[in-house]
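Enquirer: I have a structure I would like to understand better, so I am pasting it below and will then ask my questions one at a time.
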Amino acid sequence: MSVRISNDVLQVFNPVNQEELSTLPITSLQELNEKLHIAKTAAENYNFSSFFRRQKLLSQFRREIVKNMDAFVETICKETGKKEAEGLMEVFISLEHLRYAVKNLYEALGPQKRRSGLLLTKKAWVEYEAMGVAGIISPWNYPLILTVSPLAEALLAGNTVVLKPSEQTPLTTELLKKVWDKATGMGDLFQVVYGAGEVGSALVSSSLTDVICFTGSTAVGRKIAEVCAPMFKPVILELGGKDPMIVLEDASLKRTVQAAIWGGMSNAGQTCISVERIYAHENIYSQLVENMSASLKKVKCGVEDSEVGSISVEVSLEKIKNQIKDAESKGEVIQNGAITEGWFIPPTLVINPSPDSKIMQEETFGPVITIHPFKTDEEAVKLANGTGYGLSASIFGKNRKRIRKLSRRIQAGAVSVNDVLTHYGIADLPFGGYGLSGIGKVHGKEGLRAFSRQKAYMLNRVQFGSEIWWYGQGDFFRGALRKFIKIFYA
Ligand code: NAD
């Protein structure tokens with residue numbers, strides 16, 4: 001168990017040893033509403049605050065996170081079952097995104113000059129404005145990154161925030177809130193609510209939230225889209241994935257195998273951009289299967305002295321076990337050890353499972369990779385694009401022209417060449433998916449703009465008593481406009 005939910009409390013457990021970690025009160029709907037009113041009131045000033053002030057607050061926050069680095073790593077590992085190196089990576093990537101967003105705020109959201117075209121007497125520009133109150137909902141698999149990154153973007157864009165962490169992993173956010181309050185003394189700008197879907201749903205449907213940023217499953221993302229659509233409430237949806245890796249016949253086998261195993265197994269495969277499906281050219285397929293199987297058996301999973309940590313959430317554990325069981329009857333399954341006690345799933349490779357197997361139809365979100373052969377590039381693209389998800393993808397090979405052509409046909413928000421997952425750490429790149437993987441972007445300048453409204457401005461450089469297209473110009477205007485159209489656009 002990682003959480004027990006009763007009427008008014010979340011009881012949080014360590015998934016590795018089931019030790020009880022803490023108990024937090026669930027936020028009542030009345031408390032949620034009070035927090036939203038506080039956020040709305042705070043937004044009246046903060047929405048119009050200077051970039052300098054926002055940058056100062058977020059820099060203070062960043063420094064305080066660094067001071068509490070060890071406490072963050074410990075809390076993340078305890079409530080998710082991650083390995084220490086994985087907890088540390090989470091702190092590092094969170095800080096890198098925070099650093100980037102602070103540094104590039106003016107470039108992303110400062111006034112942008114626009115050409116006034118034929119209207120030479122006019123000056124035109126665009127400004128980015130805060131939306132108001134941002135409601136942020138996060139999942140359990142990266143409790144720090146997936147909280148800090150949208151939080152920083154929303155606050156830097158001038159919004160106040162009410163955030164709900166996953167009920168499975170609320171302790172990292174509890175610590176984050178303490179750190180924010182200590183660093184800034186501005187508790188009203190960022191508030192936290194605790195609970196499961198009911199609290200999230202109330203945050204989404206409230207008339208007091210002006211934008212929703214949701215990271216989580218496609219099923220819940222769809223529900224949120226349905227609630228926001230009739231209200232025309234802007235929504236950023238960062239949803240599930242089933243990322244493909246295409247391996248061409250000239251790929252470096254050593255790098256491909258290591259990348260696939262790290263990309264599929266790190267964080268016990270509980271990463272939205274994990275490598276879940278490999279499509280290898282038929283000329284390299286058998287060799288790749290052999291090398292992958294051999295390498296997989298060197299990756300250890302368990303409590304002590306191992307690379308792959310625990311599955312964090314019980315429902316996820318059951319789903320992965322079910323997919324593997326189903327795959328055993330539909331393809332060959334290679335595993336490094338058997339599933340025994342605890343919440344550990346040994347690194348698993350499923351060879352050529354049939355298209356109707358559960359593992360080919362659902363997101364796995366565990367340390368399991370499938371592998372299939374392909375003959376032509378067209379077939380590889382079709383297979384890679386065949387699930388409806390489109391978060392990210394990778395292509396391994398040497399021929400740059402061929403890779404370029406392939407990557408443009410892959411329906412995904414990101415394509416990495418001869419690498420996996422690492423694009424997430426490049427803070428200047430926008431992140432977000434196609435199709436069932438969601439809409440909108442976080443990270444990069446696009447992430448800051450996603451929490452902003454664009455306003456177009458125009459003023460007169462030179463001002464006359466009236467304009468020639470206003471009333472009262474008679475035939476002169478019509479005649480002149482006819483001539484102009486013929487000369488200018490013909
Ligand atoms: P989930 O959808 O079950 O829950 C996510 C959050 O939504 C939780 O905080 C939950 O309490 C809340 N929630 C549940 N029902 C709700 C409702 N009706 N209205 C509002 N909020 C509601 O997802 P999860 O199991 O926590 O996370 C795993 C999923 O997240 C996977 O599918 C994974 O691929 C995806 N994910 C995507 C990204 C990305 O950036 N695209 C990143 C991490 C995880």
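Residues are named by chain letter and number: chains run A, B, ... in the order of the structure tokens, numbers start at 1 in each chain, and ligands are numbered from 1 in the order shown.
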Which protein, DNA or RNA residues have an atom within 8 Å of ligand 1, counting only C-alpha atoms and all ligand atoms, as a PDB file with N, CA, C and O atoms, in the first residue's frame?
Expert:
```
ATOM      1  N   ILE A 137      -2.508  20.150 -11.098  1.00  0.00           N
ATOM      2  CA  ILE A 137      -2.745  18.802 -10.543  1.00  0.00           C
ATOM      3  C   ILE A 137      -1.611  17.899 -11.013  1.00  0.00           C
ATOM      4  O   ILE A 137      -1.324  17.835 -12.212  1.00  0.00           O
ATOM      5  N   SER A 138      -0.955  17.224 -10.067  1.00  0.00           N
ATOM      6  CA  SER A 138       0.205  16.417 -10.473  1.00  0.00           C
ATOM      7  C   SER A 138       0.039  14.932 -10.153  1.00  0.00           C
ATOM      8  O   SER A 138      -0.767  14.557  -9.290  1.00  0.00           O
ATOM      9  N   PRO A 139       0.844  14.093 -10.840  1.00  0.00           N
ATOM     10  CA  PRO A 139       0.779  12.646 -10.612  1.00  0.00           C
ATOM     11  C   PRO A 139       1.840  12.214  -9.590  1.00  0.00           C
ATOM     12  O   PRO A 139       2.537  13.058  -9.022  1.00  0.00           O
ATOM     13  N   TRP A 140       2.007  10.903  -9.425  1.00  0.00           N
ATOM     14  CA  TRP A 140       2.900  10.405  -8.364  1.00  0.00           C
ATOM     15  C   TRP A 140       4.286  10.015  -8.859  1.00  0.00           C
ATOM     16  O   TRP A 140       5.178   9.782  -8.052  1.00  0.00           O
ATOM     17  N   ASN A 141       4.490   9.896 -10.166  1.00  0.00           N
ATOM     18  CA  ASN A 141       5.730   9.233 -10.599  1.00  0.00           C
ATOM     19  C   ASN A 141       6.975  10.110 -10.467  1.00  0.00           C
ATOM     20  O   ASN A 141       8.067   9.584 -10.284  1.00  0.00           O
ATOM     21  N   TYR A 142       6.818  11.437 -10.574  1.00  0.00           N
ATOM     22  CA  TYR A 142       7.926  12.361 -10.293  1.00  0.00           C
ATOM     23  C   TYR A 142       7.351  13.473  -9.417  1.00  0.00           C
ATOM     24  O   TYR A 142       7.010  14.547  -9.918  1.00  0.00           O
ATOM     25  N   LEU A 146       7.365  17.239 -11.498  1.00  0.00           N
ATOM     26  CA  LEU A 146       6.070  17.518 -12.129  1.00  0.00           C
ATOM     27  C   LEU A 146       5.221  18.478 -11.302  1.00  0.00           C
ATOM     28  O   LEU A 146       4.110  18.818 -11.674  1.00  0.00           O
ATOM     29  N   LYS A 164      -2.724  20.635  -6.365  1.00  0.00           N
ATOM     30  CA  LYS A 164      -3.054  19.365  -5.710  1.00  0.00           C
ATOM     31  C   LYS A 164      -2.064  18.290  -6.148  1.00  0.00           C
ATOM     32  O   LYS A 164      -2.039  17.913  -7.317  1.00  0.00           O
ATOM     33  N   PRO A 165      -1.252  17.776  -5.210  1.00  0.00           N
ATOM     34  CA  PRO A 165      -0.372  16.671  -5.582  1.00  0.00           C
ATOM     35  C   PRO A 165      -1.179  15.371  -5.642  1.00  0.00           C
ATOM     36  O   PRO A 165      -2.320  15.329  -5.167  1.00  0.00           O
ATOM     37  N   SER A 166      -0.562  14.333  -6.169  1.00  0.00           N
ATOM     38  CA  SER A 166      -1.221  13.032  -6.162  1.00  0.00           C
ATOM     39  C   SER A 166      -1.450  12.592  -4.718  1.00  0.00           C
ATOM     40  O   SER A 166      -0.596  12.812  -3.851  1.00  0.00           O
ATOM     41  N   GLU A 167      -2.582  11.962  -4.491  1.00  0.00           N
ATOM     42  CA  GLU A 167      -2.857  11.433  -3.147  1.00  0.00           C
ATOM     43  C   GLU A 167      -1.847  10.350  -2.762  1.00  0.00           C
ATOM     44  O   GLU A 167      -1.662  10.038  -1.598  1.00  0.00           O
ATOM     45  N   GLN A 168      -1.165   9.774  -3.774  1.00  0.00           N
ATOM     46  CA  GLN A 168      -0.191   8.711  -3.511  1.00  0.00           C
ATOM     47  C   GLN A 168       1.121   9.266  -2.964  1.00  0.00           C
ATOM     48  O   GLN A 168       1.831   8.580  -2.238  1.00  0.00           O
ATOM     49  N   GLY A 195      -5.814  15.469  -1.439  1.00  0.00           N
ATOM     50  CA  GLY A 195      -6.955  14.567  -1.615  1.00  0.00           C
ATOM     51  C   GLY A 195      -6.850  13.848  -2.941  1.00  0.00           C
ATOM     52  O   GLY A 195      -5.856  13.983  -3.666  1.00  0.00           O
ATOM     53  N   ALA A 196      -7.894  13.088  -3.265  1.00  0.00           N
ATOM     54  CA  ALA A 196      -7.887  12.301  -4.497  1.00  0.00           C
ATOM     55  C   ALA A 196      -8.695  13.030  -5.585  1.00  0.00           C
ATOM     56  O   ALA A 196      -8.756  14.259  -5.604  1.00  0.00           O
ATOM     57  N   GLY A 197      -9.327  12.253  -6.449  1.00  0.00           N
ATOM     58  CA  GLY A 197     -10.004  12.816  -7.621  1.00  0.00           C
ATOM     59  C   GLY A 197     -11.069  13.850  -7.306  1.00  0.00           C
ATOM     60  O   GLY A 197     -11.241  14.825  -8.042  1.00  0.00           O
ATOM     61  N   GLU A 198     -11.747  13.666  -6.177  1.00  0.00           N
ATOM     62  CA  GLU A 198     -12.859  14.585  -5.850  1.00  0.00           C
ATOM     63  C   GLU A 198     -12.334  16.022  -5.646  1.00  0.00           C
ATOM     64  O   GLU A 198     -12.931  16.984  -6.121  1.00  0.00           O
ATOM     65  N   VAL A 199     -11.183  16.113  -4.957  1.00  0.00           N
ATOM     66  CA  VAL A 199     -10.606  17.448  -4.704  1.00  0.00           C
ATOM     67  C   VAL A 199     -10.090  18.041  -6.024  1.00  0.00           C
ATOM     68  O   VAL A 199     -10.291  19.220  -6.322  1.00  0.00           O
ATOM     69  N   GLY A 200      -9.439  17.166  -6.843  1.00  0.00           N
ATOM     70  CA  GLY A 200      -8.943  17.615  -8.149  1.00  0.00           C
ATOM     71  C   GLY A 200     -10.079  18.113  -9.019  1.00  0.00           C
ATOM     72  O   GLY A 200      -9.993  19.177  -9.657  1.00  0.00           O
ATOM     73  N   SER A 201     -11.159  17.358  -9.009  1.00  0.00           N
ATOM     74  CA  SER A 201     -12.307  17.690  -9.842  1.00  0.00           C
ATOM     75  C   SER A 201     -12.914  19.042  -9.417  1.00  0.00           C
ATOM     76  O   SER A 201     -13.295  19.875 -10.259  1.00  0.00           O
ATOM     77  N   ALA A 202     -12.959  19.291  -8.097  1.00  0.00           N
ATOM     78  CA  ALA A 202     -13.509  20.572  -7.605  1.00  0.00           C
ATOM     79  C   ALA A 202     -12.602  21.740  -8.004  1.00  0.00           C
ATOM     80  O   ALA A 202     -13.091  22.835  -8.314  1.00  0.00           O
ATOM     81  N   LEU A 203     -11.297  21.495  -8.009  1.00  0.00           N
ATOM     82  CA  LEU A 203     -10.349  22.544  -8.418  1.00  0.00           C
ATOM     83  C   LEU A 203     -10.559  22.901  -9.895  1.00  0.00           C
ATOM     84  O   LEU A 203     -10.553  24.064 -10.286  1.00  0.00           O
ATOM     85  N   VAL A 204     -10.783  21.859 -10.693  1.00  0.00           N
ATOM     86  CA  VAL A 204     -10.961  22.062 -12.141  1.00  0.00           C
ATOM     87  C   VAL A 204     -12.262  22.809 -12.424  1.00  0.00           C
ATOM     88  O   VAL A 204     -12.300  23.742 -13.233  1.00  0.00           O
ATOM     89  N   PHE A 214      -2.782  20.003 -15.935  1.00  0.00           N
ATOM     90  CA  PHE A 214      -2.940  18.647 -15.399  1.00  0.00           C
ATOM     91  C   PHE A 214      -1.874  17.728 -15.970  1.00  0.00           C
ATOM     92  O   PHE A 214      -1.688  17.673 -17.193  1.00  0.00           O
ATOM     93  N   THR A 215      -1.183  17.000 -15.121  1.00  0.00           N
ATOM     94  CA  THR A 215      -0.277  15.946 -15.575  1.00  0.00           C
ATOM     95  C   THR A 215      -0.791  14.640 -14.980  1.00  0.00           C
ATOM     96  O   THR A 215      -0.943  14.535 -13.757  1.00  0.00           O
ATOM     97  N   GLY A 216      -1.064  13.670 -15.836  1.00  0.00           N
ATOM     98  CA  GLY A 216      -1.601  12.401 -15.336  1.00  0.00           C
ATOM     99  C   GLY A 216      -2.075  11.530 -16.483  1.00  0.00           C
ATOM    100  O   GLY A 216      -1.614  11.672 -17.617  1.00  0.00           O
ATOM    101  N   SER A 217      -3.026  10.667 -16.171  1.00  0.00           N
ATOM    102  CA  SER A 217      -3.448   9.677 -17.171  1.00  0.00           C
ATOM    103  C   SER A 217      -4.339  10.299 -18.245  1.00  0.00           C
ATOM    104  O   SER A 217      -4.999  11.324 -18.016  1.00  0.00           O
ATOM    105  N   THR A 218      -4.390   9.625 -19.378  1.00  0.00           N
ATOM    106  CA  THR A 218      -5.239  10.081 -20.483  1.00  0.00           C
ATOM    107  C   THR A 218      -6.715  10.038 -20.075  1.00  0.00           C
ATOM    108  O   THR A 218      -7.491  10.938 -20.422  1.00  0.00           O
ATOM    109  N   ALA A 219      -7.093   9.006 -19.301  1.00  0.00           N
ATOM    110  CA  ALA A 219      -8.505   8.870 -18.910  1.00  0.00           C
ATOM    111  C   ALA A 219      -8.954  10.076 -18.084  1.00  0.00           C
ATOM    112  O   ALA A 219     -10.019  10.655 -18.343  1.00  0.00           O
ATOM    113  N   VAL A 220      -8.144  10.469 -17.093  1.00  0.00           N
ATOM    114  CA  VAL A 220      -8.539  11.617 -16.261  1.00  0.00           C
ATOM    115  C   VAL A 220      -8.398  12.917 -17.063  1.00  0.00           C
ATOM    116  O   VAL A 220      -9.236  13.829 -16.947  1.00  0.00           O
ATOM    117  N   GLY A 221      -7.386  12.994 -17.917  1.00  0.00           N
ATOM    118  CA  GLY A 221      -7.207  14.176 -18.760  1.00  0.00           C
ATOM    119  C   GLY A 221      -8.438  14.434 -19.618  1.00  0.00           C
ATOM    120  O   GLY A 221      -8.872  15.580 -19.796  1.00  0.00           O
ATOM    121  N   LYS A 223     -11.520  13.585 -18.894  1.00  0.00           N
ATOM    122  CA  LYS A 223     -12.599  14.110 -18.020  1.00  0.00           C
ATOM    123  C   LYS A 223     -12.394  15.602 -17.786  1.00  0.00           C
ATOM    124  O   LYS A 223     -13.342  16.388 -17.791  1.00  0.00           O
ATOM    125  N   ILE A 224     -11.147  15.991 -17.566  1.00  0.00           N
ATOM    126  CA  ILE A 224     -10.856  17.410 -17.284  1.00  0.00           C
ATOM    127  C   ILE A 224     -11.162  18.268 -18.512  1.00  0.00           C
ATOM    128  O   ILE A 224     -11.754  19.344 -18.406  1.00  0.00           O
ATOM    129  N   LEU A 237      -2.747  19.783 -20.878  1.00  0.00           N
ATOM    130  CA  LEU A 237      -2.892  18.370 -20.497  1.00  0.00           C
ATOM    131  C   LEU A 237      -1.637  17.600 -20.878  1.00  0.00           C
ATOM    132  O   LEU A 237      -1.329  17.457 -22.065  1.00  0.00           O
ATOM    133  N   GLU A 238      -0.910  17.142 -19.873  1.00  0.00           N
ATOM    134  CA  GLU A 238       0.315  16.361 -20.090  1.00  0.00           C
ATOM    135  C   GLU A 238      -0.025  14.930 -19.701  1.00  0.00           C
ATOM    136  O   GLU A 238      -0.041  14.584 -18.517  1.00  0.00           O
ATOM    137  N   LEU A 239      -0.285  14.083 -20.708  1.00  0.00           N
ATOM    138  CA  LEU A 239      -0.909  12.785 -20.421  1.00  0.00           C
ATOM    139  C   LEU A 239       0.031  11.609 -20.703  1.00  0.00           C
ATOM    140  O   LEU A 239       1.232  11.773 -20.826  1.00  0.00           O
ATOM    141  N   GLY A 240      -0.552  10.423 -20.814  1.00  0.00           N
ATOM    142  CA  GLY A 240       0.234   9.187 -20.924  1.00  0.00           C
ATOM    143  C   GLY A 240       0.990   9.050 -22.240  1.00  0.00           C
ATOM    144  O   GLY A 240       0.830   9.850 -23.159  1.00  0.00           O
ATOM    145  N   GLY A 241       1.824   8.019 -22.296  1.00  0.00           N
ATOM    146  CA  GLY A 241       2.596   7.775 -23.508  1.00  0.00           C
ATOM    147  C   GLY A 241       2.885   6.297 -23.687  1.00  0.00           C
ATOM    148  O   GLY A 241       2.670   5.485 -22.764  1.00  0.00           O
ATOM    149  N   GLN A 270       8.494   3.840 -14.699  1.00  0.00           N
ATOM    150  CA  GLN A 270       7.336   4.699 -14.393  1.00  0.00           C
ATOM    151  C   GLN A 270       7.626   6.137 -14.818  1.00  0.00           C
ATOM    152  O   GLN A 270       7.633   7.069 -14.003  1.00  0.00           O
ATOM    153  N   THR A 271       7.938   6.275 -16.096  1.00  0.00           N
ATOM    154  CA  THR A 271       8.205   7.590 -16.670  1.00  0.00           C
ATOM    155  C   THR A 271       7.307   7.692 -17.891  1.00  0.00           C
ATOM    156  O   THR A 271       7.228   6.737 -18.674  1.00  0.00           O
ATOM    157  N   CYS A 272       6.653   8.854 -18.053  1.00  0.00           N
ATOM    158  CA  CYS A 272       5.710   8.968 -19.176  1.00  0.00           C
ATOM    159  C   CYS A 272       6.427   8.782 -20.511  1.00  0.00           C
ATOM    160  O   CYS A 272       5.820   8.341 -21.477  1.00  0.00           O
ATOM    161  N   ILE A 273       7.746   9.122 -20.562  1.00  0.00           N
ATOM    162  CA  ILE A 273       8.494   8.988 -21.821  1.00  0.00           C
ATOM    163  C   ILE A 273       9.428   7.772 -21.800  1.00  0.00           C
ATOM    164  O   ILE A 273      10.415   7.734 -22.525  1.00  0.00           O
ATOM    165  N   SER A 316      -0.960   0.134 -10.154  1.00  0.00           N
ATOM    166  CA  SER A 316      -0.022   0.073 -11.260  1.00  0.00           C
ATOM    167  C   SER A 316       0.667  -1.296 -11.275  1.00  0.00           C
ATOM    168  O   SER A 316       0.845  -1.914 -12.331  1.00  0.00           O
ATOM    169  N   GLU A 363      -0.859   1.659 -22.054  1.00  0.00           N
ATOM    170  CA  GLU A 363       0.410   2.139 -21.491  1.00  0.00           C
ATOM    171  C   GLU A 363       0.825   1.129 -20.402  1.00  0.00           C
ATOM    172  O   GLU A 363      -0.022   0.626 -19.675  1.00  0.00           O
ATOM    173  N   PHE A 365       3.864   1.525 -18.113  1.00  0.00           N
ATOM    174  CA  PHE A 365       4.310   2.275 -16.945  1.00  0.00           C
ATOM    175  C   PHE A 365       5.012   1.371 -15.937  1.00  0.00           C
ATOM    176  O   PHE A 365       4.784   1.432 -14.736  1.00  0.00           O
ATOM    177  N   LEU A 391       3.774  10.968 -27.226  1.00  0.00           N
ATOM    178  CA  LEU A 391       4.504  11.848 -26.299  1.00  0.00           C
ATOM    179  C   LEU A 391       5.910  12.099 -26.829  1.00  0.00           C
ATOM    180  O   LEU A 391       6.265  13.212 -27.168  1.00  0.00           O
ATOM    181  N   PHE A 431       7.789  20.841 -23.944  1.00  0.00           N
ATOM    182  CA  PHE A 431       7.458  19.432 -23.705  1.00  0.00           C
ATOM    183  C   PHE A 431       5.941  19.267 -23.716  1.00  0.00           C
ATOM    184  O   PHE A 431       5.218  19.991 -23.032  1.00  0.00           O
ATOM    185  N   GLY A 432       5.466  18.293 -24.484  1.00  0.00           N
ATOM    186  CA  GLY A 432       4.030  18.022 -24.534  1.00  0.00           C
ATOM    187  C   GLY A 432       3.747  17.097 -25.692  1.00  0.00           C
ATOM    188  O   GLY A 432       4.604  16.919 -26.562  1.00  0.00           O
ATOM    189  N   GLY A 433       2.560  16.478 -25.699  1.00  0.00           N
ATOM    190  CA  GLY A 433       2.340  15.411 -26.673  1.00  0.00           C
ATOM    191  C   GLY A 433       1.339  15.714 -27.758  1.00  0.00           C
ATOM    192  O   GLY A 433       0.731  16.787 -27.805  1.00  0.00           O
ATOM    193  N   SER A 437      -1.739  11.784 -25.915  1.00  0.00           N
ATOM    194  CA  SER A 437      -0.741  12.252 -24.936  1.00  0.00           C
ATOM    195  C   SER A 437      -0.976  13.699 -24.510  1.00  0.00           C
ATOM    196  O   SER A 437      -0.217  14.215 -23.689  1.00  0.00           O
ATOM    197  N   GLY A 438      -2.008  14.335 -25.062  1.00  0.00           N
ATOM    198  CA  GLY A 438      -2.409  15.620 -24.504  1.00  0.00           C
ATOM    199  C   GLY A 438      -2.294  16.812 -25.421  1.00  0.00           C
ATOM    200  O   GLY A 438      -1.988  16.689 -26.608  1.00  0.00           O
TER     201      GLY A 438
END
```
Enquirer: Assign secondary structure with DSSP using the backbone only, and return the residues of region 271-459 of chain A in strand (DSSP E or B) as number ranges by chain.
Expert: A: 275-281, 301, 308, 332-335, 348-351, 368-374, 389-390, 392-396, 414-417, 431, 434-435, 438-439, 442, 452-459
Enquirer: Could you write out, as a ChimeraX atom specification, all the residues of region 171-319 of chain A that DSSP marks as alpha helix (DSSP H)?
Expert: /A:171-184,197-205,218-231,253-265,282-296,314-319
Enquirer: Could you write those residues out with C-alpha atoms, as a PDB file, in the first residue's frame?
Expert:
```pdb
ATOM      1  CA  LEU A 171       4.754  14.425   1.222  1.00  0.00           C
ATOM      2  CA  THR A 172       7.170  15.922  -1.331  1.00  0.00           C
ATOM      3  CA  THR A 173       4.674  18.725  -1.995  1.00  0.00           C
ATOM      4  CA  GLU A 174       4.103  19.216   1.744  1.00  0.00           C
ATOM      5  CA  LEU A 175       7.872  19.804   2.061  1.00  0.00           C
ATOM      6  CA  LEU A 176       7.897  22.020  -1.032  1.00  0.00           C
ATOM      7  CA  LYS A 177       5.179  24.230   0.437  1.00  0.00           C
ATOM      8  CA  LYS A 178       7.140  24.618   3.707  1.00  0.00           C
ATOM      9  CA  VAL A 179      10.225  25.535   1.690  1.00  0.00           C
ATOM     10  CA  TRP A 180       8.289  28.113  -0.367  1.00  0.00           C
ATOM     11  CA  ASP A 181       6.775  29.712   2.739  1.00  0.00           C
ATOM     12  CA  LYS A 182      10.154  29.917   4.478  1.00  0.00           C
ATOM     13  CA  ALA A 183      11.955  31.261   1.403  1.00  0.00           C
ATOM     14  CA  THR A 184       9.413  33.881   0.386  1.00  0.00           C
ATOM     15  CA  GLY A 197     -10.004  12.816  -7.621  1.00  0.00           C
ATOM     16  CA  GLU A 198     -12.859  14.585  -5.850  1.00  0.00           C
ATOM     17  CA  VAL A 199     -10.606  17.448  -4.704  1.00  0.00           C
ATOM     18  CA  GLY A 200      -8.943  17.615  -8.149  1.00  0.00           C
ATOM     19  CA  SER A 201     -12.307  17.690  -9.842  1.00  0.00           C
ATOM     20  CA  ALA A 202     -13.509  20.572  -7.605  1.00  0.00           C
ATOM     21  CA  LEU A 203     -10.349  22.544  -8.418  1.00  0.00           C
ATOM     22  CA  VAL A 204     -10.961  22.062 -12.141  1.00  0.00           C
ATOM     23  CA  SER A 205     -14.644  22.976 -12.115  1.00  0.00           C
ATOM     24  CA  THR A 218      -5.239  10.081 -20.483  1.00  0.00           C
ATOM     25  CA  ALA A 219      -8.505   8.870 -18.910  1.00  0.00           C
ATOM     26  CA  VAL A 220      -8.539  11.617 -16.261  1.00  0.00           C
ATOM     27  CA  GLY A 221      -7.207  14.176 -18.760  1.00  0.00           C
ATOM     28  CA  ARG A 222     -10.232  13.497 -20.958  1.00  0.00           C
ATOM     29  CA  LYS A 223     -12.599  14.110 -18.020  1.00  0.00           C
ATOM     30  CA  ILE A 224     -10.856  17.410 -17.284  1.00  0.00           C
ATOM     31  CA  ALA A 225     -11.080  18.493 -20.928  1.00  0.00           C
ATOM     32  CA  GLU A 226     -14.816  17.755 -20.840  1.00  0.00           C
ATOM     33  CA  VAL A 227     -15.309  19.948 -17.762  1.00  0.00           C
ATOM     34  CA  CYS A 228     -13.175  22.828 -19.073  1.00  0.00           C
ATOM     35  CA  ALA A 229     -14.531  22.906 -22.652  1.00  0.00           C
ATOM     36  CA  PRO A 230     -17.990  24.407 -21.940  1.00  0.00           C
ATOM     37  CA  MET A 231     -16.360  27.009 -19.651  1.00  0.00           C
ATOM     38  CA  LEU A 253      24.291  -1.983 -31.093  1.00  0.00           C
ATOM     39  CA  LYS A 254      26.099  -1.215 -27.865  1.00  0.00           C
ATOM     40  CA  ARG A 255      24.647   2.279 -27.467  1.00  0.00           C
ATOM     41  CA  THR A 256      21.182   1.159 -28.584  1.00  0.00           C
ATOM     42  CA  VAL A 257      21.016  -1.658 -26.039  1.00  0.00           C
ATOM     43  CA  GLN A 258      22.223   0.501 -23.162  1.00  0.00           C
ATOM     44  CA  ALA A 259      19.878   3.344 -24.101  1.00  0.00           C
ATOM     45  CA  ALA A 260      16.896   1.019 -24.442  1.00  0.00           C
ATOM     46  CA  ILE A 261      17.498  -0.602 -21.089  1.00  0.00           C
ATOM     47  CA  TRP A 262      18.070   2.664 -19.246  1.00  0.00           C
ATOM     48  CA  GLY A 263      15.184   4.335 -21.116  1.00  0.00           C
ATOM     49  CA  GLY A 264      12.817   1.484 -20.319  1.00  0.00           C
ATOM     50  CA  MET A 265      13.889   0.564 -16.793  1.00  0.00           C
ATOM     51  CA  GLU A 282      14.945  -7.097 -39.668  1.00  0.00           C
ATOM     52  CA  ASN A 283      18.697  -7.148 -40.438  1.00  0.00           C
ATOM     53  CA  ILE A 284      19.579  -6.208 -36.867  1.00  0.00           C
ATOM     54  CA  TYR A 285      16.564  -7.631 -35.021  1.00  0.00           C
ATOM     55  CA  SER A 286      17.908 -11.063 -33.910  1.00  0.00           C
ATOM     56  CA  GLN A 287      21.207  -9.626 -32.767  1.00  0.00           C
ATOM     57  CA  LEU A 288      19.422  -6.866 -30.853  1.00  0.00           C
ATOM     58  CA  VAL A 289      17.101  -9.352 -29.121  1.00  0.00           C
ATOM     59  CA  GLU A 290      20.111 -11.466 -28.125  1.00  0.00           C
ATOM     60  CA  ASN A 291      22.109  -8.502 -26.793  1.00  0.00           C
ATOM     61  CA  MET A 292      19.103  -6.969 -25.028  1.00  0.00           C
ATOM     62  CA  SER A 293      18.287 -10.268 -23.310  1.00  0.00           C
ATOM     63  CA  ALA A 294      21.894 -10.657 -22.153  1.00  0.00           C
ATOM     64  CA  SER A 295      22.183  -7.062 -20.900  1.00  0.00           C
ATOM     65  CA  LEU A 296      18.814  -7.158 -19.212  1.00  0.00           C
ATOM     66  CA  GLU A 314      -0.525  -0.870  -6.017  1.00  0.00           C
ATOM     67  CA  VAL A 315      -2.957  -0.479  -8.953  1.00  0.00           C
ATOM     68  CA  SER A 316      -0.022   0.073 -11.260  1.00  0.00           C
ATOM     69  CA  LEU A 317       1.682  -3.086  -9.942  1.00  0.00           C
ATOM     70  CA  GLU A 318      -1.405  -5.164 -10.703  1.00  0.00           C
ATOM     71  CA  LYS A 319      -1.717  -3.672 -14.208  1.00  0.00           C
TER      72      LYS A 319
END
```
